[in-house]
Amino acid sequence: MTPAAIQARLFDGRTARAQPVRLSVQGDALRAAGEDGSGHSWPLRDLQWPETTRHGRRVIQLRGGGSIECDDAAAFDAWRSALGQRDSWVVRAQQHWRATLAALALLLGVAAAGYVWGVPWAADRVVALLPSTAEAAIGDAALDSLRNGLLGPTATPMARQAALRDSFARAVAAAYAEHERVPWQLHFHSGGKRLGANALALPGGHIVITDEMLALLQGQDDTVIGVLGHEYGHVRLRHGMRAVVRATLISAASTLALGDVSGLLAAAPAVLAHLGYSRDAEREADAEAVLMLRASGVSPAVMVLLFERLAAQPESARADSLPIALASHPADAERIAFFRAAAAGR
Amino acid sequence: MNIDTTAPAAGAAPPAVGFDIAAALPGTPAPQRWPLRFVGSGSEYFRIWIVNLLLTLVTLGLYYPFAKVRRLRYFHAATEVGGHPLSFHADPWKMLRGYLLVAVMVAAYSLAGQFSPTAGGVAFLLVALLWPALWHSSMRFRMANTGWRGLRFRYTGTCTQAYKVFLMPVLGVAAIIGISLLTAIEPGVQPTGQQVLVGLLPMLLFMALFPWFFWLIKRQQHDHYALGDEQTRFEVGVRGIYGVGLRSFGLFLGALAVLVLVVALVGVGGAMLLGMGERGADTGGGAGGLISNLTGVIAGVSVFLGYLLILTLVGGYFTARLQNLVWNGTRSAHVGFSSKVSAKALGLLWLKNWVLTILTLGLYYPFASIASARMRLQAVEVLSDIAPETLVARGAALDESAAGDAAGDLFGFDVGL
């Protein structure tokens with residue numbers, strides 16, 4: 001039979017002296033009867049009940065100071081459940097392995113869902129709110145830093161630059177209505193050893209194409225337009241900013257979840273995630289390139305030429321210093337298939 | 001008061017305790033030892049940890065203060081001093097307010113840095129101005145919400161003292177940032193030896209002075225812990241901290257040298273194999289490539305494992321020695337501490353923890369946490385020459401500000417005991 005009262009020790013919060021008492025609950029108050037006949041009582045709502053743990057004592061915390069310790073945890077639990085008291089649902093969930101495993105599965109599910117859908121959705125909302133001046137500032141800063149390192153001065157003649165800018169402007173006009181277009185600036189640079197034959201897009205509309213790429217695509221201006229169209233797709237769909245915001249959100253979420261694990265581990269998921277997102281962005285940009293080429297009356301098959309020529313480059317000329325650059329993207333076979341299918345009208 | 005902690009001869013009386021004759025009132029009990037016992041279990045904490053993680057993620061972080069309170073409550077209740085557990089009383093709702101405030105601050109600080117160096121500088125200045133106040137607040141909050149035998153602990157330091165303590169480190173960091181901005185080396189231009197030296201100097205100076213800053217902080221903490229009438233004071237000199245720091249750094253360099261040697265050997269071994277492979281056959285070009293790849297992979301893995309080894313062993317050594325130094329040198333009028341964590345044991349435990357945590361993709365983390373806490377806590381004893389019953393509560397004011405505690409967390413400082 002469960003006793004209605006149990007033995008405990010009262011600490012009144014004024015001194016550290018232990019007073020042996022018998023605890024019982026009467027009405028909505030906890031009563032403690034001391035050995036010397038003294039009595040204390042506290043309303044139940046002023047008590048903080050202990051969680052049920054496997055080891056250790058049970059200690060009731062009294063609001064306003066003091067505590068009541070009970071050494072016999074089993075007796076305490078029995079007494080408490082006889083009173084109809086229960087732990088919060090969170091504590092009860094912890095005590096059953098099945099519930100905990102379910103929580104683990106749910107955790108992994110939520111994390112995966114957040115990664116796949118939640119973060120991109122949130123990132124896109126944030127990017128939509130960003131003013132274009134902020135994007136332009138970030139893009140300008142990125143371009144400056146690239147000019148100081150990876151990009152060198154161009155050797156392309158001014159006339160050729162002007163001609164390319166004109167044909168690209170016409171292609172943009174042909175492909176997109178007025179309200180769909182975004183401001184762009186086309187820059188020519190030498191890619192050097194690090195970037196080689198390459199093209200890249202930065203927030204704020206900066207599109208860079210390297211001399212080496214122009215040399216690679218010598219005589220194939222249609223393919224050049226395709227490449228520029230691909231980069232313009234990145235600009236128009238704000239992939240750069242979306243990637244930055246996603247990476248920031250991922251690293252913030254990882255830090256929150258992993259807590260006090262070293263910074264090294266916390267940064268890794270963010271970096272991996274960033275690489276992953278680029279592939280989706282590339283597919284979208286490829287679709288934009290197809291759109292532009294078709295609007296200019298050119299077959300999307302000209303892009304296949306680009307991949308063939310990139311692959312034909314010697315090992316040393318291959319560049320993957322910059323993940324956002326064109327020549328750094330994996331899965332050439334998949335993309336070639338995409339352009340071939342587009343050319344066949346599918 | 002002196003507590004003689006040298007080991008007594010076998011079978012001899014308990015260690016001699018010298019104190020004022022005037023204080024030796026009749027009836028004073030013999031000196032007591034209250035060993036610390038940690039009764040937490042990894043499997044139990046695992047369940048708390050998983051549920052915390054799930055709820056924190058689902059609520060996009062809003063549950064975090066509640067999770068922290070659950071964790072601290074578990075760890076405190078599992079720590080028994082002289083047979084009586086510690087208690088933790090913080091109200092998570094109050095912590096939520098503080099936590100949101102600090103989160104906003106952190107967001108503003110990170111964003112400011114992205115937009116312009118001046119904005120970043122201003123943000124840094126603001127954080128530097130607020131930080132000591134938040135730290136002080138965090139100390140008071142944590143101590144006031146920790147209890148033993150029904151009494152609450154206290155932190156008796158003042159906010160002004162906190163500012164004095166952090167003045168030097170903040171100035172140091174500001175000096176480094178300032179000098180690095182002023183002497184910014186033009187990219188692409190080869191820096192002169194002098195420029196490199198000027199650039200590195202503030203950093204080196206800061207590293208050399210860091211143990212001193214750390215000592216100032218520890219002194220501020222350990223001079224002001226109180227329970228009842230007992231207030232601690234810190235009897236460790238700066239030299240002690242430098243001793244531990246330099247020894248750990250020496251260990252780190254030694255371990256690094258060993259790692260470099262190992263990687264070099266692997267590299268040389270791989271190169272020799274490569275040479276053999278090339279001499280083997282002209283058509284064996286593929287094998288040469290494979291060997292070079294393999295060597296690269298092995299080198300990479302060795303570096304990673306070496307890094308892990310160094311972090312855990314040196315980290316464990318440093319933590320153990322520091323804990324022993326700091327707590328052996330902390331005592332109040334009637335209470336002292338004896339901390340005997342084995343540096344080797346802790347280092348090996350940390351190594352085991354990290355390896356298992358990586359192998360289980362993080363699921364071992366709560367078990368690791370419990371094991372580490374157990375080893376560190378159970379190596380500590382409280383030595384007292386008064387009976388605990390004589391402790392009387394002093395100053396009932398509970399600190400209401402939980403913002404400081406949140407700041408301690410978000411900036412990575414663990415200002416707990």
# chains A, B, ... in the order shown; residues from 1 in each chain; ligands from 1
$ interface_residues --of "chain B" --to "chain A" --cutoff "9 Å" --atoms "only C-alpha atoms" --output "VMD selection string"
chain B and resid 38 to 41 44 46 to 48 50 to 51 53 to 58 60 to 61 64 74 77 to 80 84 to 85 87 89 114 to 115 147 to 152 187 to 188 228 362 388 to 394 396 409 412
$ write_last_selection --atoms "C-alpha atoms" --output "mmCIF file, in the first residue's frame"
data_model
loop_
_atom_site.group_PDB
_atom_site.id
_atom_site.type_symbol
_atom_site.label_atom_id
_atom_site.label_comp_id
_atom_site.auth_asym_id
_atom_site.auth_seq_id
_atom_site.Cartn_x
_atom_site.Cartn_y
_atom_site.Cartn_z
ATOM 1 C CA PHE B 38 28.045 12.623 -10.439
ATOM 2 C CA VAL B 39 25.066 10.342 -10.928
ATOM 3 C CA GLY B 40 24.024 11.349 -14.424
ATOM 4 C CA SER B 41 23.752 8.652 -17.070
ATOM 5 C CA GLU B 44 19.148 9.290 -19.785
ATOM 6 C CA PHE B 46 20.616 11.238 -24.561
ATOM 7 C CA ARG B 47 16.841 11.297 -24.356
ATOM 8 C CA ILE B 48 16.822 14.802 -22.928
ATOM 9 C CA ILE B 50 17.284 14.466 -28.487
ATOM 10 C CA VAL B 51 14.009 15.970 -27.347
ATOM 11 C CA LEU B 53 17.266 19.234 -30.253
ATOM 12 C CA LEU B 54 13.973 18.331 -31.897
ATOM 13 C CA LEU B 55 11.983 21.034 -30.137
ATOM 14 C CA THR B 56 14.696 23.629 -30.730
ATOM 15 C CA LEU B 57 14.768 22.880 -34.444
ATOM 16 C CA VAL B 58 10.997 22.781 -34.799
ATOM 17 C CA LEU B 60 13.445 27.619 -35.079
ATOM 18 C CA GLY B 61 15.480 28.154 -31.955
ATOM 19 C CA TYR B 64 16.652 27.035 -26.814
ATOM 20 C CA TYR B 74 19.754 17.653 -15.125
ATOM 21 C CA ALA B 77 20.695 17.636 -9.920
ATOM 22 C CA ALA B 78 23.112 14.862 -10.863
ATOM 23 C CA THR B 79 25.989 16.560 -9.013
ATOM 24 C CA GLU B 80 26.019 15.637 -5.342
ATOM 25 C CA HIS B 84 23.262 16.589 -1.357
ATOM 26 C CA PRO B 85 22.543 17.536 -4.962
ATOM 27 C CA SER B 87 19.859 22.655 -7.849
ATOM 28 C CA HIS B 89 16.308 27.461 -10.571
ATOM 29 C CA GLN B 114 28.901 42.565 -44.320
ATOM 30 C CA PHE B 115 27.971 46.064 -45.341
ATOM 31 C CA GLY B 147 21.486 26.116 -4.927
ATOM 32 C CA TRP B 148 22.686 23.536 -2.417
ATOM 33 C CA ARG B 149 20.848 22.333 0.681
ATOM 34 C CA GLY B 150 18.190 24.955 0.098
ATOM 35 C CA LEU B 151 20.629 27.893 0.048
ATOM 36 C CA ARG B 152 21.470 29.919 -3.041
ATOM 37 C CA PRO B 187 47.144 42.506 -52.564
ATOM 38 C CA GLY B 188 49.569 41.398 -55.209
ATOM 39 C CA GLY B 228 26.130 31.789 3.224
ATOM 40 C CA GLY B 362 27.091 12.986 -33.454
ATOM 41 C CA PRO B 388 27.251 22.642 6.654
ATOM 42 C CA GLU B 389 24.379 23.268 9.039
ATOM 43 C CA THR B 390 26.071 26.444 10.170
ATOM 44 C CA LEU B 391 25.750 28.074 6.761
ATOM 45 C CA VAL B 392 23.198 30.846 6.844
ATOM 46 C CA ALA B 393 21.547 32.526 3.904
ATOM 47 C CA ARG B 394 22.757 36.039 3.148
ATOM 48 C CA ALA B 396 18.062 37.204 -0.598
ATOM 49 C CA ASP B 409 25.977 31.313 -24.584
ATOM 50 C CA GLY B 412 30.576 30.815 -27.030
#
$ select_by_dssp --residues "region 39-68 of chain B" --states "alpha helix (DSSP H)" --output "list in words"
Gly42, Ser43, Glu44, Tyr45, Phe46, Arg47, Ile48, Trp49, Ile50, Val51, Asn52, Leu53, Leu54, Leu55, Thr56, Leu57, Val58, Tyr64, Pro65, Phe66, Ala67 and Lys68 of chain B
$ residues_around --residues "region 340-353 of chain B" --least-positions-apart "5" --cutoff "7 Å" --atoms "only C-alpha atoms" --output "PyMOL selection string"
chain B and resi 309+312-317+320-321+324+368+376+379-380
$ residues_around --residues "Gly152 (chain A)" --least-positions-apart "2" --cutoff "9 Å" --atoms "only C-alpha atoms" --output "VMD selection string"
chain A and resid 146 to 150 154 189 to 192
$ write_last_selection --atoms "N, CA and C atoms" --output "compact mmCIF listing (two decimals), in the first residue's frame"
# COMPACT_ATOMS: atom_id res chain seq x y z
N LEU A 146 37.74 40.06 -56.96
CA LEU A 146 38.18 39.16 -58.02
C LEU A 146 39.21 39.84 -58.91
N ARG A 147 39.00 41.13 -59.17
CA ARG A 147 39.95 41.87 -60.01
C ARG A 147 41.31 41.94 -59.35
N ASN A 148 41.33 41.94 -58.02
CA ASN A 148 42.60 42.01 -57.30
C ASN A 148 43.31 40.68 -57.25
N GLY A 149 42.62 39.63 -57.65
CA GLY A 149 43.25 38.32 -57.49
C GLY A 149 43.15 37.47 -58.74
N LEU A 150 41.95 36.93 -58.99
CA LEU A 150 41.82 35.92 -60.03
C LEU A 150 41.73 36.49 -61.45
N THR A 154 42.21 42.62 -69.58
CA THR A 154 41.85 41.88 -70.78
C THR A 154 42.75 42.23 -71.95
N HIS A 189 37.91 40.05 -69.01
CA HIS A 189 39.15 39.94 -68.23
C HIS A 189 39.93 38.74 -68.68
N SER A 190 41.19 38.74 -68.30
CA SER A 190 41.99 37.55 -68.53
C SER A 190 41.82 36.62 -67.34
N GLY A 191 41.58 35.34 -67.62
CA GLY A 191 41.33 34.41 -66.52
C GLY A 191 42.59 33.89 -65.87
N GLY A 192 43.69 33.98 -66.60
CA GLY A 192 44.96 33.53 -66.02
C GLY A 192 44.95 32.03 -65.75
$ atom_distance --atom1 "CA of His40 (chain A)" --atom2 "CA of Gly83 (chain B)"
24.2 Å
$ closest_residue --among "B:Ala264, B:Leu126, B:Leu96, B:Ala107" --to "Leu249 (chain A)" --atoms "only C-alpha atoms"
B:Ala107
$ closest_atom_pairs --of "region 66-157 of chain A" --to "region 197-209 of chain A" --cutoff "8 Å" --atoms "only C-alpha atoms" --output "tab-separated table"
residue	atom	partner	partner_atom	distance
A:Ser132	CA	A:Gly204	CA	7.1
A:Thr133	CA	A:Gly204	CA	7.9
A:Glu135	CA	A:Gly204	CA	5.3
A:Ala136	CA	A:Gly204	CA	4.0
A:Ala137	CA	A:Gly204	CA	7.4
A:Ile138	CA	A:Pro203	CA	6.7
A:Gly139	CA	A:Pro203	CA	4.5
A:Asp140	CA	A:Gly204	CA	7.4
A:Ala142	CA	A:Leu202	CA	7.3
A:Leu143	CA	A:Leu202	CA	7.3
$ atom_distance --atom1 "CA of Ala119 (chain B)" --atom2 "CA of Val126 (chain A)"
20.9 Å
$ residues_around --residues "Gly296 (chain B)" --least-positions-apart "2" --cutoff "12 Å" --atoms "only C-alpha atoms" --output "PyMOL selection string"
chain B and resi 263-264+266-271+274+289-294+298-303
$ write_last_selection --atoms "N, CA and C atoms" --output "compact mmCIF listing (two decimals), in the first residue's frame"
# COMPACT_ATOMS: atom_id res chain seq x y z
N VAL B 263 53.40 12.81 -41.53
CA VAL B 263 52.91 13.16 -42.86
C VAL B 263 54.05 13.15 -43.86
N ALA B 264 55.22 13.67 -43.42
CA ALA B 264 56.39 13.69 -44.31
C ALA B 264 56.78 12.26 -44.68
N VAL B 266 54.90 9.63 -44.74
CA VAL B 266 53.90 9.11 -45.67
C VAL B 266 54.16 9.64 -47.07
N GLY B 267 54.47 10.96 -47.11
CA GLY B 267 54.74 11.58 -48.40
C GLY B 267 55.95 10.96 -49.08
N VAL B 268 57.02 10.78 -48.29
CA VAL B 268 58.24 10.19 -48.84
C VAL B 268 57.98 8.77 -49.30
N GLY B 269 57.26 8.04 -48.44
CA GLY B 269 56.92 6.66 -48.79
C GLY B 269 56.14 6.59 -50.09
N GLY B 270 55.17 7.50 -50.21
CA GLY B 270 54.35 7.54 -51.42
C GLY B 270 55.19 7.88 -52.63
N ALA B 271 56.10 8.86 -52.45
CA ALA B 271 56.96 9.26 -53.58
C ALA B 271 57.84 8.10 -54.02
N LEU B 274 55.82 5.76 -55.89
CA LEU B 274 55.53 6.37 -57.18
C LEU B 274 56.70 6.16 -58.12
N GLY B 289 49.24 7.21 -61.19
CA GLY B 289 48.22 8.18 -60.77
C GLY B 289 47.48 7.71 -59.54
N LEU B 290 47.21 6.39 -59.53
CA LEU B 290 46.46 5.84 -58.40
C LEU B 290 47.26 5.98 -57.12
N ILE B 291 48.55 5.66 -57.22
CA ILE B 291 49.40 5.73 -56.01
C ILE B 291 49.47 7.17 -55.52
N SER B 292 49.60 8.11 -56.46
CA SER B 292 49.71 9.50 -56.00
C SER B 292 48.41 9.94 -55.35
N ASN B 293 47.27 9.48 -55.91
CA ASN B 293 45.98 9.79 -55.30
C ASN B 293 45.89 9.19 -53.91
N LEU B 294 46.32 7.90 -53.83
CA LEU B 294 46.24 7.19 -52.55
C LEU B 294 47.09 7.89 -51.50
N ILE B 298 45.83 9.34 -48.05
CA ILE B 298 46.40 8.93 -46.75
C ILE B 298 46.96 10.14 -46.02
N ALA B 299 47.64 11.01 -46.77
CA ALA B 299 48.19 12.21 -46.14
C ALA B 299 47.06 13.05 -45.56
N GLY B 300 45.99 13.21 -46.35
CA GLY B 300 44.86 14.00 -45.88
C GLY B 300 44.24 13.42 -44.62
N VAL B 301 44.03 12.10 -44.65
CA VAL B 301 43.43 11.44 -43.48
C VAL B 301 44.36 11.56 -42.28
N SER B 302 45.68 11.38 -42.50
CA SER B 302 46.63 11.50 -41.40
C SER B 302 46.57 12.88 -40.79
N VAL B 303 46.49 13.90 -41.65
CA VAL B 303 46.44 15.26 -41.13
C VAL B 303 45.19 15.43 -40.28
